[in-house]
Every structure is written in C-alpha cells, then in structure tokens.
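Below: work-v9.csv (CSV, C-alpha atoms)
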chain,number,residue,atom,x,y,z
A,1,ASP,CA,-5.6,-8.5,-12.4
A,2,SER,CA,-2.8,-6.1,-11.7
A,3,GLY,CA,-0.2,-8.0,-13.7
A,4,VAL,CA,2.0,-8.4,-10.6
A,5,THR,CA,2.4,-12.0,-9.5
A,6,GLN,CA,3.5,-13.3,-6.1
A,7,THR,CA,4.3,-16.7,-4.9
A,8,PRO,CA,3.5,-18.6,-2.8
A,9,LYS,CA,0.0,-17.5,-2.0
A,10,HIS,CA,0.1,-19.0,1.5
A,11,LEU,CA,3.0,-20.0,3.6
A,12,ILE,CA,2.9,-21.7,7.0
A,13,THR,CA,6.2,-22.2,8.9
A,14,ALA,CA,7.6,-22.4,12.4
A,15,THR,CA,9.4,-19.9,14.5
A,16,GLY,CA,13.1,-19.6,13.8
A,17,GLN,CA,12.8,-20.7,10.1
A,18,ARG,CA,13.6,-18.8,7.0
A,19,VAL,CA,11.4,-18.2,4.0
A,20,THR,CA,11.6,-16.6,0.6
A,21,LEU,CA,8.8,-14.7,-1.0
A,22,ARG,CA,8.8,-14.1,-4.8
A,23,CYS,CA,7.5,-11.2,-6.8
A,24,SER,CA,7.3,-10.7,-10.6
A,25,PRO,CA,6.5,-7.1,-11.6
A,26,ARG,CA,4.4,-6.0,-14.4
A,27,SER,CA,6.1,-6.1,-17.8
A,28,GLY,CA,8.3,-3.1,-18.2
A,29,ASP,CA,8.1,-1.9,-14.6
A,30,LEU,CA,11.5,-1.2,-13.1
A,31,SER,CA,10.5,-0.6,-9.5
A,32,VAL,CA,9.4,-3.2,-7.0
A,33,TYR,CA,8.2,-2.3,-3.5
A,34,TRP,CA,7.6,-4.7,-0.6
A,35,TYR,CA,5.0,-4.0,2.0
A,36,GLN,CA,3.8,-5.8,5.2
A,37,GLN,CA,0.2,-5.7,6.3
A,38,SER,CA,-0.8,-6.9,9.7
A,39,LEU,CA,-3.9,-6.5,11.8
A,40,ASP,CA,-2.2,-4.5,14.5
A,41,GLN,CA,0.2,-2.3,12.5
A,42,GLY,CA,-1.7,-1.9,9.2
A,43,LEU,CA,0.3,-1.5,6.0
A,44,GLN,CA,3.9,-0.7,6.3
A,45,PHE,CA,6.5,-0.1,3.6
A,46,LEU,CA,9.6,-2.3,3.8
A,47,ILE,CA,11.9,-1.7,0.9
A,48,GLN,CA,12.0,-0.6,-2.7
A,49,TYR,CA,14.3,-1.7,-5.6
A,50,TYR,CA,14.7,0.1,-8.9
A,51,ASN,CA,16.3,-1.6,-11.8
A,52,GLY,CA,18.3,-3.9,-9.5
A,53,GLU,CA,19.4,-1.4,-6.9
A,54,GLU,CA,18.0,-0.5,-3.5
A,55,ARG,CA,16.2,2.8,-3.8
A,56,ALA,CA,14.3,3.4,-0.5
A,57,LYS,CA,14.2,1.7,2.8
A,58,GLY,CA,11.3,1.7,5.3
A,59,ASN,CA,10.6,-0.3,8.4
A,60,ILE,CA,12.4,-3.4,7.4
A,61,LEU,CA,13.9,-5.5,10.1
A,62,GLU,CA,17.5,-6.6,10.0
A,63,ARG,CA,16.3,-10.2,9.8
A,64,PHE,CA,14.7,-9.4,6.5
A,65,SER,CA,16.4,-8.7,3.2
A,66,ALA,CA,15.5,-8.4,-0.4
A,67,GLN,CA,17.0,-8.3,-3.8
A,68,GLN,CA,16.0,-7.6,-7.4
A,69,PHE,CA,17.4,-9.7,-10.1
A,70,PRO,CA,18.5,-8.8,-13.7
A,71,ASP,CA,15.1,-10.0,-15.0
A,72,LEU,CA,13.5,-7.6,-12.5
A,73,HIS,CA,11.8,-10.1,-10.4
A,74,SER,CA,12.4,-9.7,-6.7
A,75,GLU,CA,12.7,-11.9,-3.6
A,76,LEU,CA,12.0,-11.0,0.0
A,77,ASN,CA,13.9,-13.2,2.5
A,78,LEU,CA,12.6,-13.4,6.0
A,79,SER,CA,14.8,-15.2,8.6
A,80,SER,CA,14.7,-16.2,12.2
A,81,LEU,CA,11.0,-15.9,12.0
A,82,GLU,CA,8.9,-14.8,15.0
A,83,LEU,CA,5.2,-15.1,15.7
A,84,GLY,CA,4.9,-11.4,15.1
A,85,ASP,CA,6.1,-11.8,11.5
A,86,SER,CA,2.8,-13.4,10.6
A,87,ALA,CA,1.2,-11.0,8.1
A,88,LEU,CA,0.2,-10.4,4.5
A,89,TYR,CA,3.2,-9.4,2.4
A,90,PHE,CA,2.5,-7.5,-0.7
A,91,CYS,CA,4.8,-6.5,-3.5
A,92,ALA,CA,3.9,-3.7,-5.9
A,93,SER,CA,5.5,-2.5,-9.1
A,94,SER,CA,5.6,0.8,-11.0
A,95,GLY,CA,7.5,2.4,-13.8
A,96,ARG,CA,8.7,5.2,-11.6
A,97,GLY,CA,11.7,5.4,-9.3
A,98,ASP,CA,9.9,7.0,-6.4
A,99,PHE,CA,6.5,6.7,-4.7
A,100,SER,CA,4.6,8.9,-7.2
A,101,GLY,CA,2.0,7.7,-9.6
A,102,GLU,CA,0.3,4.4,-9.6
A,103,GLN,CA,1.8,1.3,-8.0
A,104,TYR,CA,0.3,-2.0,-9.0
A,105,PHE,CA,-0.1,-4.4,-6.1
A,106,GLY,CA,0.1,-8.2,-6.3
A,107,PRO,CA,-2.4,-10.5,-4.6
A,108,GLY,CA,0.0,-10.9,-1.6
A,109,THR,CA,1.5,-13.8,0.3
A,110,ARG,CA,-0.1,-14.7,3.6
A,111,LEU,CA,2.6,-15.8,6.0
A,112,THR,CA,1.7,-17.7,9.2
A,113,VAL,CA,4.4,-18.4,11.7
A,114,THR,CA,3.5,-21.0,14.3
B,115,GLY,CA,-9.4,-13.7,2.2
B,116,GLU,CA,-8.0,-12.4,5.4
B,117,SER,CA,-9.9,-9.5,7.0
B,118,VAL,CA,-7.8,-6.4,7.0
B,119,GLY,CA,-8.2,-4.4,10.2
B,120,LEU,CA,-11.0,-6.1,12.0
B,121,HIS,CA,-11.6,-3.1,14.2
B,122,LEU,CA,-11.5,-0.4,11.6
B,123,PRO,CA,-13.9,2.5,11.7
B,124,THR,CA,-16.9,1.8,9.5
B,125,LEU,CA,-18.8,4.2,7.3
B,126,SER,CA,-22.2,2.9,6.3
B,127,VAL,CA,-23.7,4.7,3.2
B,128,GLN,CA,-27.0,4.2,1.3
B,129,GLU,CA,-26.4,3.0,-2.3
B,130,GLY,CA,-26.6,6.1,-4.5
B,131,ASP,CA,-25.6,8.6,-1.8
B,132,ASN,CA,-22.2,10.3,-1.7
B,133,SER,CA,-19.5,9.0,0.6
B,134,ILE,CA,-16.9,11.1,2.4
B,135,ILE,CA,-13.9,9.3,3.9
B,136,ASN,CA,-11.5,11.3,6.0
B,137,CYS,CA,-7.8,11.0,6.9
B,138,ALA,CA,-5.6,13.0,9.2
B,139,TYR,CA,-1.9,12.9,8.3
B,140,SER,CA,1.0,13.5,10.5
B,141,ASN,CA,3.8,15.1,8.7
B,142,SER,CA,3.5,18.7,7.6
B,143,ALA,CA,6.4,18.2,5.2
B,144,SER,CA,4.5,15.5,3.3
B,145,ASP,CA,4.3,16.6,-0.3
B,146,TYR,CA,2.3,13.9,-2.0
B,147,PHE,CA,-0.8,11.9,-1.0
B,148,ILE,CA,-2.6,8.8,-2.4
B,149,TRP,CA,-5.9,7.2,-1.7
B,150,TYR,CA,-6.1,3.4,-1.9
B,151,LYS,CA,-9.0,1.0,-2.0
B,152,GLN,CA,-8.6,-2.6,-0.7
B,153,GLU,CA,-11.2,-5.2,-1.3
B,154,SER,CA,-11.3,-8.3,0.8
B,155,GLY,CA,-8.6,-10.8,-0.1
B,156,LYS,CA,-6.9,-8.4,-2.6
B,157,GLY,CA,-4.0,-6.1,-2.7
B,158,PRO,CA,-4.5,-2.3,-2.4
B,159,GLN,CA,-5.6,-0.5,-5.6
B,160,PHE,CA,-4.6,3.1,-6.4
B,161,ILE,CA,-7.6,5.4,-6.6
B,162,ILE,CA,-6.4,9.0,-6.9
B,163,ASP,CA,-3.4,11.1,-5.9
B,164,ILE,CA,-2.8,14.8,-5.1
B,165,ARG,CA,0.3,16.9,-4.6
B,166,SER,CA,0.7,19.3,-1.8
B,167,ASN,CA,0.6,22.3,-4.1
B,168,MET,CA,-3.1,21.5,-4.9
B,169,ASP,CA,-6.1,21.5,-2.7
B,170,LYS,CA,-8.5,19.5,-4.9
B,171,ARG,CA,-8.3,16.9,-7.6
B,172,GLN,CA,-11.1,15.1,-9.4
B,173,GLY,CA,-11.2,11.7,-11.0
B,174,GLN,CA,-14.0,9.5,-12.2
B,175,ARG,CA,-16.6,9.7,-9.4
B,176,VAL,CA,-14.0,10.5,-6.9
B,177,THR,CA,-12.6,13.8,-5.5
B,178,VAL,CA,-9.7,14.3,-3.1
B,179,LEU,CA,-9.5,17.4,-1.0
B,180,LEU,CA,-6.4,18.5,0.8
B,181,ASN,CA,-6.3,20.9,3.7
B,182,LYS,CA,-2.7,21.5,4.7
B,183,THR,CA,-3.6,23.9,7.4
B,184,VAL,CA,-5.1,21.1,9.5
B,185,LYS,CA,-3.3,18.2,7.9
B,186,HIS,CA,-6.5,16.7,6.6
B,187,LEU,CA,-7.3,14.7,3.5
B,188,SER,CA,-10.7,13.5,2.3
B,189,LEU,CA,-12.0,11.2,-0.4
B,190,GLN,CA,-15.4,11.9,-1.8
B,191,ILE,CA,-17.1,9.1,-3.8
B,192,ALA,CA,-20.2,10.2,-5.8
B,193,ALA,CA,-23.2,8.0,-6.2
B,194,THR,CA,-21.8,5.1,-4.1
B,195,GLN,CA,-22.2,1.7,-5.6
B,196,PRO,CA,-22.1,-1.8,-4.1
B,197,GLY,CA,-18.7,-2.3,-5.8
B,198,ASP,CA,-17.3,0.5,-3.7
B,199,SER,CA,-17.5,-1.6,-0.6
B,200,ALA,CA,-13.9,-1.9,0.6
B,201,VAL,CA,-11.4,-0.6,3.1
B,202,TYR,CA,-10.0,2.8,2.0
B,203,PHE,CA,-6.8,4.3,3.3
B,204,CYS,CA,-4.6,7.2,2.6
B,205,ALA,CA,-0.9,7.4,2.2
B,206,GLU,CA,1.4,10.4,2.8
B,207,ILE,CA,4.7,10.6,1.1
B,208,SER,CA,7.5,12.9,2.0
B,209,SER,CA,10.4,13.2,-0.4
B,210,TYR,CA,13.9,13.9,0.6
B,211,PHE,CA,17.0,14.1,-1.5
B,212,ARG,CA,17.4,10.6,-3.0
B,213,ALA,CA,15.0,9.2,-0.5
B,214,SER,CA,11.3,9.1,0.2
B,215,LYS,CA,9.1,8.0,3.0
B,216,ILE,CA,5.6,6.6,2.8
B,217,ILE,CA,3.2,6.2,5.7
B,218,PHE,CA,-0.3,4.7,5.5
B,219,GLY,CA,-3.3,5.5,7.5
B,220,SER,CA,-5.1,2.8,9.3
B,221,GLY,CA,-8.1,2.8,7.0
B,222,THR,CA,-11.9,3.1,7.0
B,223,ARG,CA,-14.3,0.4,6.0
B,224,LEU,CA,-17.0,1.5,3.6
B,225,SER,CA,-20.2,-0.5,3.8
B,226,ILE,CA,-23.0,0.1,1.3
B,227,ARG,CA,-26.7,-0.3,2.3
B,228,PRO,CA,-29.0,-1.5,-0.5
Just give me the structure as structure tokens.
Amino acid sequence: DSGVTQTPKHLITATGQRVTLRCSPRSGDLSVYWYQQSLDQGLQFLIQYYNGEERAKGNILERFSAQQFPDLHSELNLSSLELGDSALYFCASSGRGDFSGEQYFGPGTRLTVT
Amino acid sequence: GESVGLHLPTLSVQEGDNSIINCAYSNSASDYFIWYKQESGKGPQFIIDIRSNMDKRQGQRVTVLLNKTVKHLSLQIAATQPGDSAVYFCAEISSYFRASKIIFGSGTRLSIRP
C-alpha cells in the first residue's frame, strides 16, 4: 500500500460526459502528479501540483483540468469525453517539487468511455 | 486488473538467473532517469534512479547502468525471483528552469520460469 488513495476505482460513462477523479496524497506529501496510461500510448504525464499551485504541465488536453485543494487532495476533471479517453488514470505523490526521488503511485482509476 | 501493454516485448528468465532489461531514451539533454516496476492491476512502483553525472548505481539486487554516448539505460536484477514478474519501464527526465519534462518508455514484461 503506497498510502495514496484514488476514487473511484472504476468509472463507466458515455461520450460527451464529464467526470471527476479524486486523489489523496500520502500524509505530508506536497506534490501530486496525474498520469494517463493507455494500451496504445503507454504512461503519459498530465500535470503536477505542488502545495496548491500548478508546477509542471505535460500532455494534458484542454478538455482536462486539475486542481489541488488546501488539504492537498487533488481532483482531475475530464470533460467532453471521447472514446479515446478510456484509460487508467494514476495519481502519484511525493515530498519533492520536481520529478526527482520516489513518487508513490495510487491504485488508479479505470475510466471506460462508451 | 487491466493488462498493461498487451504487446510489450517479453523477457523470459529462469528463476535464480540474472535479468537485464534495456531502455533506449530519446533526449540527450535528459539529466535524470528512473526505473519503475508495474505489477498487474497496480500502479507503477519506483525501483531505482540515476543522475546523468553517474554511469552506474546499485540498489538491493538491482543495478542501473547509464550509457549517455548511445542514450541507453539498463536495469539488472540479480537472482530473479517469482515476485519480480512485472512490466518494467524507464523514465527520462529533463529539467529546465522552473519546469521539467518526463517521458516514459513503453516497457518490457519480465516473465519468470520456475
């Protein structure tokens, strides 16, 4: 158990809909990272927040957004969903502000868009 | 859990033998590298990291080698055990002023023969 929790574990929704994925980092970790893992594109970095502020941005679509709240939990919002958004979404946390050192990954949310 | 990368290259190793997993990275400016292990149905797990000013780093039963000349990274696992069965992938990180970029390799599936 990494100490990172993600909800929900599974999500099935229709094209055009909007969903919110939730992540609670390990106690004391200030950074939260969001990743997308699909069969065709592998693991891709989406976005990082550090202590409530956006720190780094990767291949995140404009239809996706994220935020980190004062209690350090984070939400990833996916809107106008397309079939190609079906993937595993992981969040990870660390005590660092960059990508160095160990990131602790949550169990993931499996999103299926039908 | 969902299978990650159904068509990944597979390395089959006899239990007790050493495993060598290779990764070619793309950016000569990448200055930090990480190896991850991902078991079926779980999030990635940090194994070992190495900075670009090093060419070798050892951990518990694992060694990472970095060859910057040919942009190649390898992970050596000594005395491979059944619990080592997983997908392994590398990540390259390039750090820029107030920004970083992380790219993951596609992964190699390690299979252990009894």
Around the point (-19.7, -0.7, 4.4), in the coordinates given by the file, pick out the residues reaching within 12 Å, counting all atoms listed in the file, and return them as a ChimeraX atom specification. /B:122-129,133,135,153-154,194-202,222-228
Find the residues in chain B near chain A: any atom within 12 Å counts, using only C-alpha atoms. Write them as a PyMOL selection string. chain B and resi 115-122+145-165+201-222
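For the set B:Gln172, B:Gln190, B:Thr177, B:Asn167, the residue with the smallest atom-to-atom gap to Ala143 in chain B is B:Asn167, counting only C-alpha atoms.
Straight-line separation from CA of Arg96 in chain A to CA of Tyr50 in chain A: 8.3 Å.
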Shell of 12 Å around Asn181 in chain B, all atoms listed in the file, local chain residues under 2 positions omitted, as a PyMOL selection string: chain B and resi 136-139+142+147+164-170+178-179+183-189
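Using all atoms listed in the file, every residue with an atom at most 7 Å from the point (9.7, -9.9, -4.5) is listed here: Leu21, Arg22, Cys23, Ser24, Trp34, His73, Ser74, Glu75, Leu76 and Cys91 of chain A.
Reported to one decimal place, the separation of CA of Tyr35 in chain A from CA of Asn77 in chain A is 12.8 Å.
Across the structure, CA of Gln36 in chain A and CA of Tyr49 in chain A are spaced 15.6 Å apart.
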